[in-house]
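Chemist: Please see the structure below; I have some questions.
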Amino acid sequence: LASGTLASFCLSESSAGSDAFAMKTTAQEKDGGYVINGSKLWISNAEEAGVFLVFANANPSDGYKGITAFVVQRDTPGLIIGKKEDKLGIRASSTCELAFHDMKVSKDCILGEFGKGYKIAIETLNPGRIGIGAQMVGLAQGTYDHAMRYILERKQFGQSVADFQGLQFAYAQAQTEIEAARLLVLNAAALRETDRPYIKQAAFAKLYSAQVAQK
């Protein structure tokens, strides 16, 4: 990572999205290492990444306590990177499906402790909500700016439609909601930066900013 490559965080699956720890990807111990089989969906930076942080259950009988994080190099045999999704937004970051077909990794590839992958996932997801919130604020602001240019240019009945009070109500409300979402994101970021409890505030920011971006 320090040399300039990108990394991908590989957690979500088709049946393990919100319930991420219900993953089906497994890591079976074999010949002094592990053989990983399964797949991941919606993996950011997958097309460009040089290293992948893959979460797999190495002891399914222990439930989520069997989840282990593995650092996997891009050229590892058995790692298959699917096509890049044609997304509506956040197009600067690729999103792909990954498949693991008898992918062999050494024990040295385990990040942290065996069976503690769920802790690594949670510690990554919590601050990640702030980043998602920031993305949604940017999306909402960009959409608002684009719409404002149009309504200022559009003429009806001899005047800009931006001068009609009904539209003024709408864009004043939109701008207020975007600013509120921005402040929620900034508050969560400030709390984390100063080592104060922030998890609930990060969830607030992600929830509300996503709602605003969809309006």
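Order determines the names: the first chain of the structure tokens is A, the second B, and so forth; residues in each chain are numbered 1 upward, and ligands are numbered 1 upward as they are shown.
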Would you mind listing what lies within 9 Å of A:Tyr198 as an MDAnalysis selection string, with only C-alpha atoms counted and same-chain residues fewer than 2 positions away left out?

Modeler: chainID A and resid 126:127 187:192 195:196 200:203

Chemist: Identify, on the basis of only C-alpha atoms, every residue whose closest approach to stretch 42-45 of chain A does not exceed 8 Å; exclude the query and any residue fewer than 2 positions from it along the same chain; express the result as a list in words.

Modeler: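 Answer for this query is Leu6, Ala7, Ser8, Phe9, Cys10, Leu11, Ser12, Glu13, Lys40, Glu47, Glu48, Ala49, Ser93, Ser94, Thr95, Cys96, Glu97 and Leu98 of chain A.
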
Chemist: By how many Å are atom CA of A:Ala170 and atom CA of A:Lys155 apart?

Modeler: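 Computing the Euclidean distance for atom CA of A:Ala170 and atom CA of A:Lys155 yields 17.5 Å.
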
Chemist: What gap, in Å, lies between atom CA of A:Tyr208 and atom CA of A:Met23?

Modeler: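 Value for the atom CA of A:Tyr208-atom CA of A:Met23 distance: 27.5 Å.
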
Chemist: Grab the atom CA of A:Leu53 to atom CA of A:Val72 distance for me, in Å with one decimal place.

Modeler: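 Taking atom CA of A:Leu53 as the start and atom CA of A:Val72 as the end point, the length is 6.3 Å.
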
Chemist: For A:Asp75, list every protein, DNA or RNA residue within 10 Å, evaluated using only C-alpha atoms, and leave out those in the same chain fewer than 4 positions away; present the list as a ChimeraX atom specification.

Modeler: /A:50-51,79-80

Chemist: Would you output that residue set with N, CA and C atoms, as a tab-separated table (two decimals), in the first residue's frame?

Modeler:
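Generated output (out.tsv):
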```
chain	number	residue	atom	x	y	z
A	50	GLY	N	-4.07	-3.99	-6.15
A	50	GLY	CA	-2.95	-4.93	-6.18
A	50	GLY	C	-3.00	-5.93	-5.03
A	51	VAL	N	-3.84	-5.63	-4.04
A	51	VAL	CA	-3.96	-6.51	-2.88
A	51	VAL	C	-5.41	-6.50	-2.41
A	79	LEU	N	-7.83	-16.58	-7.89
A	79	LEU	CA	-8.55	-15.31	-7.70
A	79	LEU	C	-9.02	-14.83	-9.06
A	80	ILE	N	-10.33	-14.71	-9.22
A	80	ILE	CA	-10.93	-14.29	-10.50
A	80	ILE	C	-11.68	-12.98	-10.28
```

Chemist: According to DSSP computed on the backbone, where in stretch 53-215 of chain A is there helix (DSSP H, G or I)? Give the residues as a ChimeraX atom specification.

Modeler: /A:60-66,107-109,117-153,161-163,165-193,199-214

Chemist: Using only C-alpha atoms, which residues sit within 6 Å of A:His101 once same-chain residues fewer than 2 positions away are excluded, as a list in words?

Modeler: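 Returned residues: Asn37, Gly78 and Met103 of chain A.
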
Chemist: Within 9 Å of A:Ala140, counting only C-alpha atoms, which residues qualify if same-chain residues fewer than 5 places away don't, as a ChimeraX atom specification?

Modeler: /A:135,145,174,178,209-210,212-215

Chemist: Might you pull out every residue within 12 Å of A:Lys65, with only C-alpha atoms counted and same-chain residues fewer than 4 positions away left off, and present them as a PyMOL selection string?

Modeler: chain A and resi 21-23+55-61+69+113-120

Chemist: May I ask which of the residues A:Gly82, A:Thr68, A:Leu167, A:Ala121 is the closest one to A:Ala99, counting only C-alpha atoms?

Modeler: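 Selected residue with least distance to A:Ala99: A:Gly82.
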
Chemist: So, counting only C-alpha atoms, which residue among A:Ile67, A:Val161, A:Ala205, A:Ala46 is closest to A:Thr25?

Modeler: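 Between A:Ile67, A:Val161, A:Ala205, A:Ala46, the residue approaching A:Thr25 most closely is A:Ile67.
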
Chemist: Restricting the calculation to only C-alpha atoms: of A:Gly33, A:Leu88, A:Tyr144, A:Thr124, which residue gets closest to A:Ala172?

Modeler: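 Among the listed residues, A:Tyr144 lies closest to A:Ala172.
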